[in-house]
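*Asks:* For reference, the structure I am asking about is given below.
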Amino acid sequence: MELSKRQQQIIEIVKGNGPITGENIANRLNLTRATLRPDLAILTMSGFLDARPRVGYFFTGKTGSELLAEKIRKYKVHEFQQVPIAIKESVSVYDAISTMFLEDVGTLFVVDDKSCLTGVLSRKDLLRASIGQPDLNLVPVHIIMTRMPNIAVCRRDDLLVDAAHMLITKEIDGMPVVKDTDAGLEIIGRITKTTMTKVLVELTKDRV
Ligand code: ADP
């Protein structure tokens, strides 16, 4: 977040004189307490200052980038996960390609008869399978997919930053968000590199 000139002045005053009451900060700036109230609220909510009743304001010592990192580290997968697109193992490569276009996704998940995760299909998996193959209707996706147990997954309460780390280390574009059931892994969401780009854009919109 971008601090106003007055907010920066407040931080300097609190840094040098804390703990200090709102009244005293206002006096030093020749402003009324009421005028300062919104600025103090913003600085406290965003973590630059800490307020203790009957004592006053303290400087927390945290920089803007530390506060931002703290905020990102709290994000959970379920807050950002998108809708997953899954197909059955018997679906043909031709139909998988059609689904990828129709649903506008780059990664498809493959499930068994119990709707449990068995595989993943990327764009390149489908391209590779298409080269030199005269009839894509004859090839079922289970022949070409990356299959369990070699699939990287995440769960709804995982930290988003851990999911991002996994996408990078495994060199993949996306991951299913799964839930453990007696039958296997049920797919409840999708986390992709696009999810991470959206988070980046969201962060720049944030006021506090
Ligand atoms: P692309 O191949 O289109 O660049 P990816 O980088 O996501 O897309 O996929 C690379 C390979 O990794 C593919 O063979 C794909 O099946 C596999 N893959 C994709 N997602 C996962 C995942 N979550 N876990 C394991 N393997 C995956």
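Ordering of the structure tokens sets the chain letters (A, B, ...), residue numbers begin anew at 1 in every chain, and ligands are numbered from 1 in the order given.
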With a distance cut-off of 9 Å and only C-alpha atoms, select the neighbouring residues of stretch 134-147 of chain A, excluding the residue or stretch itself and same-chain residues fewer than 6 positions from it, and output the selection as a VMD selection string.
*Replies:* chain A and resid 88 to 96 110 117 to 122 125 to 126 128
*Asks:* Hey, which residues come within 10 Å of ligand 1 if we count only C-alpha atoms and all ligand atoms? Could you give them as a PDB file with N, CA and C atoms, in the first residue's frame?
*Replies:*
ATOM      1  N   GLY A 106      -6.140 -25.356 -19.155  1.00  0.00           N
ATOM      2  CA  GLY A 106      -4.908 -25.925 -19.707  1.00  0.00           C
ATOM      3  C   GLY A 106      -4.561 -27.276 -19.100  1.00  0.00           C
ATOM      4  N   THR A 107      -5.259 -27.633 -18.042  1.00  0.00           N
ATOM      5  CA  THR A 107      -5.013 -28.922 -17.387  1.00  0.00           C
ATOM      6  C   THR A 107      -6.349 -29.592 -17.096  1.00  0.00           C
ATOM      7  N   LEU A 108      -6.461 -30.858 -17.502  1.00  0.00           N
ATOM      8  CA  LEU A 108      -7.678 -31.631 -17.200  1.00  0.00           C
ATOM      9  C   LEU A 108      -7.321 -32.699 -16.175  1.00  0.00           C
ATOM     10  N   PHE A 109      -8.252 -32.992 -15.299  1.00  0.00           N
ATOM     11  CA  PHE A 109      -8.040 -34.074 -14.349  1.00  0.00           C
ATOM     12  C   PHE A 109      -8.849 -35.280 -14.827  1.00  0.00           C
ATOM     13  N   GLY A 119      -5.674 -39.381 -12.818  1.00  0.00           N
ATOM     14  CA  GLY A 119      -4.666 -38.847 -13.737  1.00  0.00           C
ATOM     15  C   GLY A 119      -4.784 -37.366 -14.009  1.00  0.00           C
ATOM     16  N   VAL A 120      -3.761 -36.857 -14.711  1.00  0.00           N
ATOM     17  CA  VAL A 120      -3.716 -35.451 -15.127  1.00  0.00           C
ATOM     18  C   VAL A 120      -3.321 -35.399 -16.590  1.00  0.00           C
ATOM     19  N   LEU A 121      -3.938 -34.466 -17.309  1.00  0.00           N
ATOM     20  CA  LEU A 121      -3.603 -34.272 -18.734  1.00  0.00           C
ATOM     21  C   LEU A 121      -3.253 -32.816 -18.958  1.00  0.00           C
ATOM     22  N   SER A 122      -2.070 -32.584 -19.514  1.00  0.00           N
ATOM     23  CA  SER A 122      -1.677 -31.207 -19.833  1.00  0.00           C
ATOM     24  C   SER A 122      -1.842 -30.991 -21.339  1.00  0.00           C
ATOM     25  N   ARG A 123      -1.674 -29.742 -21.744  1.00  0.00           N
ATOM     26  CA  ARG A 123      -1.758 -29.435 -23.185  1.00  0.00           C
ATOM     27  C   ARG A 123      -0.738 -30.249 -23.972  1.00  0.00           C
ATOM     28  N   LYS A 124       0.488 -30.302 -23.420  1.00  0.00           N
ATOM     29  CA  LYS A 124       1.542 -31.010 -24.161  1.00  0.00           C
ATOM     30  C   LYS A 124       1.307 -32.517 -24.208  1.00  0.00           C
ATOM     31  N   ASP A 125       0.688 -33.075 -23.176  1.00  0.00           N
ATOM     32  CA  ASP A 125       0.347 -34.508 -23.201  1.00  0.00           C
ATOM     33  C   ASP A 125      -0.546 -34.786 -24.418  1.00  0.00           C
ATOM     34  N   LEU A 126      -1.525 -33.888 -24.633  1.00  0.00           N
ATOM     35  CA  LEU A 126      -2.481 -34.098 -25.729  1.00  0.00           C
ATOM     36  C   LEU A 126      -1.824 -33.833 -27.084  1.00  0.00           C
ATOM     37  N   LEU A 127      -0.931 -32.848 -27.128  1.00  0.00           N
ATOM     38  CA  LEU A 127      -0.213 -32.582 -28.383  1.00  0.00           C
ATOM     39  C   LEU A 127       0.652 -33.786 -28.761  1.00  0.00           C
ATOM     40  N   ARG A 128       1.374 -34.276 -27.751  1.00  0.00           N
ATOM     41  CA  ARG A 128       2.272 -35.412 -27.984  1.00  0.00           C
ATOM     42  C   ARG A 128       1.482 -36.610 -28.502  1.00  0.00           C
ATOM     43  N   ILE A 144      -2.393 -42.139 -22.023  1.00  0.00           N
ATOM     44  CA  ILE A 144      -1.374 -41.090 -22.163  1.00  0.00           C
ATOM     45  C   ILE A 144      -1.239 -40.178 -20.928  1.00  0.00           C
ATOM     46  N   MET A 145      -2.151 -40.279 -19.994  1.00  0.00           N
ATOM     47  CA  MET A 145      -2.142 -39.332 -18.858  1.00  0.00           C
ATOM     48  C   MET A 145      -0.981 -39.624 -17.889  1.00  0.00           C
ATOM     49  N   THR A 146      -0.631 -38.602 -17.102  1.00  0.00           N
ATOM     50  CA  THR A 146       0.261 -38.828 -15.955  1.00  0.00           C
ATOM     51  C   THR A 146      -0.638 -39.379 -14.859  1.00  0.00           C
ATOM     52  N   ARG A 147      -0.205 -40.487 -14.255  1.00  0.00           N
ATOM     53  CA  ARG A 147      -1.155 -41.144 -13.342  1.00  0.00           C
ATOM     54  C   ARG A 147      -0.700 -41.161 -11.887  1.00  0.00           C
ATOM     55  N   MET A 148      -1.669 -41.451 -11.040  1.00  0.00           N
ATOM     56  CA  MET A 148      -1.394 -41.631  -9.610  1.00  0.00           C
ATOM     57  C   MET A 148      -0.443 -42.817  -9.479  1.00  0.00           C
ATOM     58  N   PRO A 149       0.495 -42.833  -8.531  1.00  0.00           N
ATOM     59  CA  PRO A 149       0.636 -41.857  -7.435  1.00  0.00           C
ATOM     60  C   PRO A 149       1.583 -40.692  -7.764  1.00  0.00           C
ATOM     61  N   ASN A 150       1.828 -40.459  -9.058  1.00  0.00           N
ATOM     62  CA  ASN A 150       2.801 -39.414  -9.401  1.00  0.00           C
ATOM     63  C   ASN A 150       2.168 -38.040  -9.605  1.00  0.00           C
ATOM     64  N   ILE A 151       1.026 -37.805  -8.992  1.00  0.00           N
ATOM     65  CA  ILE A 151       0.357 -36.525  -9.196  1.00  0.00           C
ATOM     66  C   ILE A 151       0.535 -35.625  -7.973  1.00  0.00           C
ATOM     67  N   ALA A 152       0.970 -34.408  -8.254  1.00  0.00           N
ATOM     68  CA  ALA A 152       1.111 -33.430  -7.169  1.00  0.00           C
ATOM     69  C   ALA A 152      -0.268 -32.865  -6.872  1.00  0.00           C
ATOM     70  N   VAL A 153      -0.657 -32.895  -5.611  1.00  0.00           N
ATOM     71  CA  VAL A 153      -1.984 -32.402  -5.208  1.00  0.00           C
ATOM     72  C   VAL A 153      -1.827 -31.424  -4.043  1.00  0.00           C
ATOM     73  N   CYS A 154      -2.884 -30.654  -3.798  1.00  0.00           N
ATOM     74  CA  CYS A 154      -2.887 -29.847  -2.577  1.00  0.00           C
ATOM     75  C   CYS A 154      -4.266 -29.977  -1.940  1.00  0.00           C
ATOM     76  N   MET A 166       5.173 -25.655  -4.931  1.00  0.00           N
ATOM     77  CA  MET A 166       5.032 -26.977  -5.544  1.00  0.00           C
ATOM     78  C   MET A 166       4.942 -26.873  -7.070  1.00  0.00           C
ATOM     79  N   LEU A 167       4.168 -25.881  -7.572  1.00  0.00           N
ATOM     80  CA  LEU A 167       4.045 -25.705  -9.030  1.00  0.00           C
ATOM     81  C   LEU A 167       5.427 -25.452  -9.638  1.00  0.00           C
ATOM     82  N   ILE A 168       6.236 -24.677  -8.931  1.00  0.00           N
ATOM     83  CA  ILE A 168       7.562 -24.344  -9.453  1.00  0.00           C
ATOM     84  C   ILE A 168       8.496 -25.553  -9.387  1.00  0.00           C
ATOM     85  N   LYS A 170       7.845 -28.745  -9.176  1.00  0.00           N
ATOM     86  CA  LYS A 170       7.436 -29.880 -10.027  1.00  0.00           C
ATOM     87  C   LYS A 170       7.347 -29.476 -11.507  1.00  0.00           C
ATOM     88  N   GLU A 171       7.531 -28.192 -11.779  1.00  0.00           N
ATOM     89  CA  GLU A 171       7.457 -27.677 -13.159  1.00  0.00           C
ATOM     90  C   GLU A 171       6.144 -28.048 -13.840  1.00  0.00           C
ATOM     91  N   ILE A 172       5.043 -27.713 -13.150  1.00  0.00           N
ATOM     92  CA  ILE A 172       3.716 -27.996 -13.705  1.00  0.00           C
ATOM     93  C   ILE A 172       2.879 -26.713 -13.704  1.00  0.00           C
ATOM     94  N   ASP A 173       1.833 -26.721 -14.545  1.00  0.00           N
ATOM     95  CA  ASP A 173       0.982 -25.527 -14.650  1.00  0.00           C
ATOM     96  C   ASP A 173      -0.145 -25.514 -13.633  1.00  0.00           C
ATOM     97  N   GLY A 174      -0.553 -26.707 -13.174  1.00  0.00           N
ATOM     98  CA  GLY A 174      -1.700 -26.736 -12.273  1.00  0.00           C
ATOM     99  C   GLY A 174      -1.734 -27.974 -11.408  1.00  0.00           C
ATOM    100  N   MET A 175      -2.606 -27.910 -10.411  1.00  0.00           N
ATOM    101  CA  MET A 175      -2.732 -29.017  -9.458  1.00  0.00           C
ATOM    102  C   MET A 175      -4.178 -29.147  -9.029  1.00  0.00           C
ATOM    103  N   PRO A 176      -4.639 -30.380  -8.793  1.00  0.00           N
ATOM    104  CA  PRO A 176      -5.978 -30.507  -8.233  1.00  0.00           C
ATOM    105  C   PRO A 176      -5.958 -30.220  -6.726  1.00  0.00           C
ATOM    106  N   VAL A 177      -7.047 -29.620  -6.242  1.00  0.00           N
ATOM    107  CA  VAL A 177      -7.246 -29.502  -4.793  1.00  0.00           C
ATOM    108  C   VAL A 177      -8.095 -30.714  -4.437  1.00  0.00           C
ATOM    109  N   ARG A 190      -9.086 -26.417  -8.173  1.00  0.00           N
ATOM    110  CA  ARG A 190      -7.951 -26.374  -9.107  1.00  0.00           C
ATOM    111  C   ARG A 190      -7.119 -25.138  -8.759  1.00  0.00           C
ATOM    112  N   ILE A 191      -5.817 -25.348  -8.670  1.00  0.00           N
ATOM    113  CA  ILE A 191      -4.893 -24.234  -8.439  1.00  0.00           C
ATOM    114  C   ILE A 191      -3.916 -24.223  -9.605  1.00  0.00           C
ATOM    115  N   THR A 192      -3.753 -23.080 -10.248  1.00  0.00           N
ATOM    116  CA  THR A 192      -2.876 -23.014 -11.416  1.00  0.00           C
ATOM    117  C   THR A 192      -1.981 -21.779 -11.343  1.00  0.00           C
ATOM    118  N   LYS A 193      -1.089 -21.688 -12.331  1.00  0.00           N
ATOM    119  CA  LYS A 193      -0.238 -20.488 -12.389  1.00  0.00           C
ATOM    120  C   LYS A 193      -1.110 -19.243 -12.584  1.00  0.00           C
TER     121      LYS A 193
END
*Asks:* In Å, with one decimal, what is the gap from atom CA of A:Leu159 to atom CA of A:Gln81?
*Replies:*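 Computing the Euclidean distance for atom CA of A:Leu159 and atom CA of A:Gln81 yields 11.5 Å.
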*Asks:* So what do you get for atom CA of A:Val178 versus atom CA of A:Met196, distance-wise?
*Replies:*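 One can read the atom CA of A:Val178 to atom CA of A:Met196 distance as 18.2 Å.
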*Asks:* Rounded to one decimal place, report the atom CA of A:Leu68-atom CA of A:Val201 distance in Å.
*Replies:* 13.5 Å
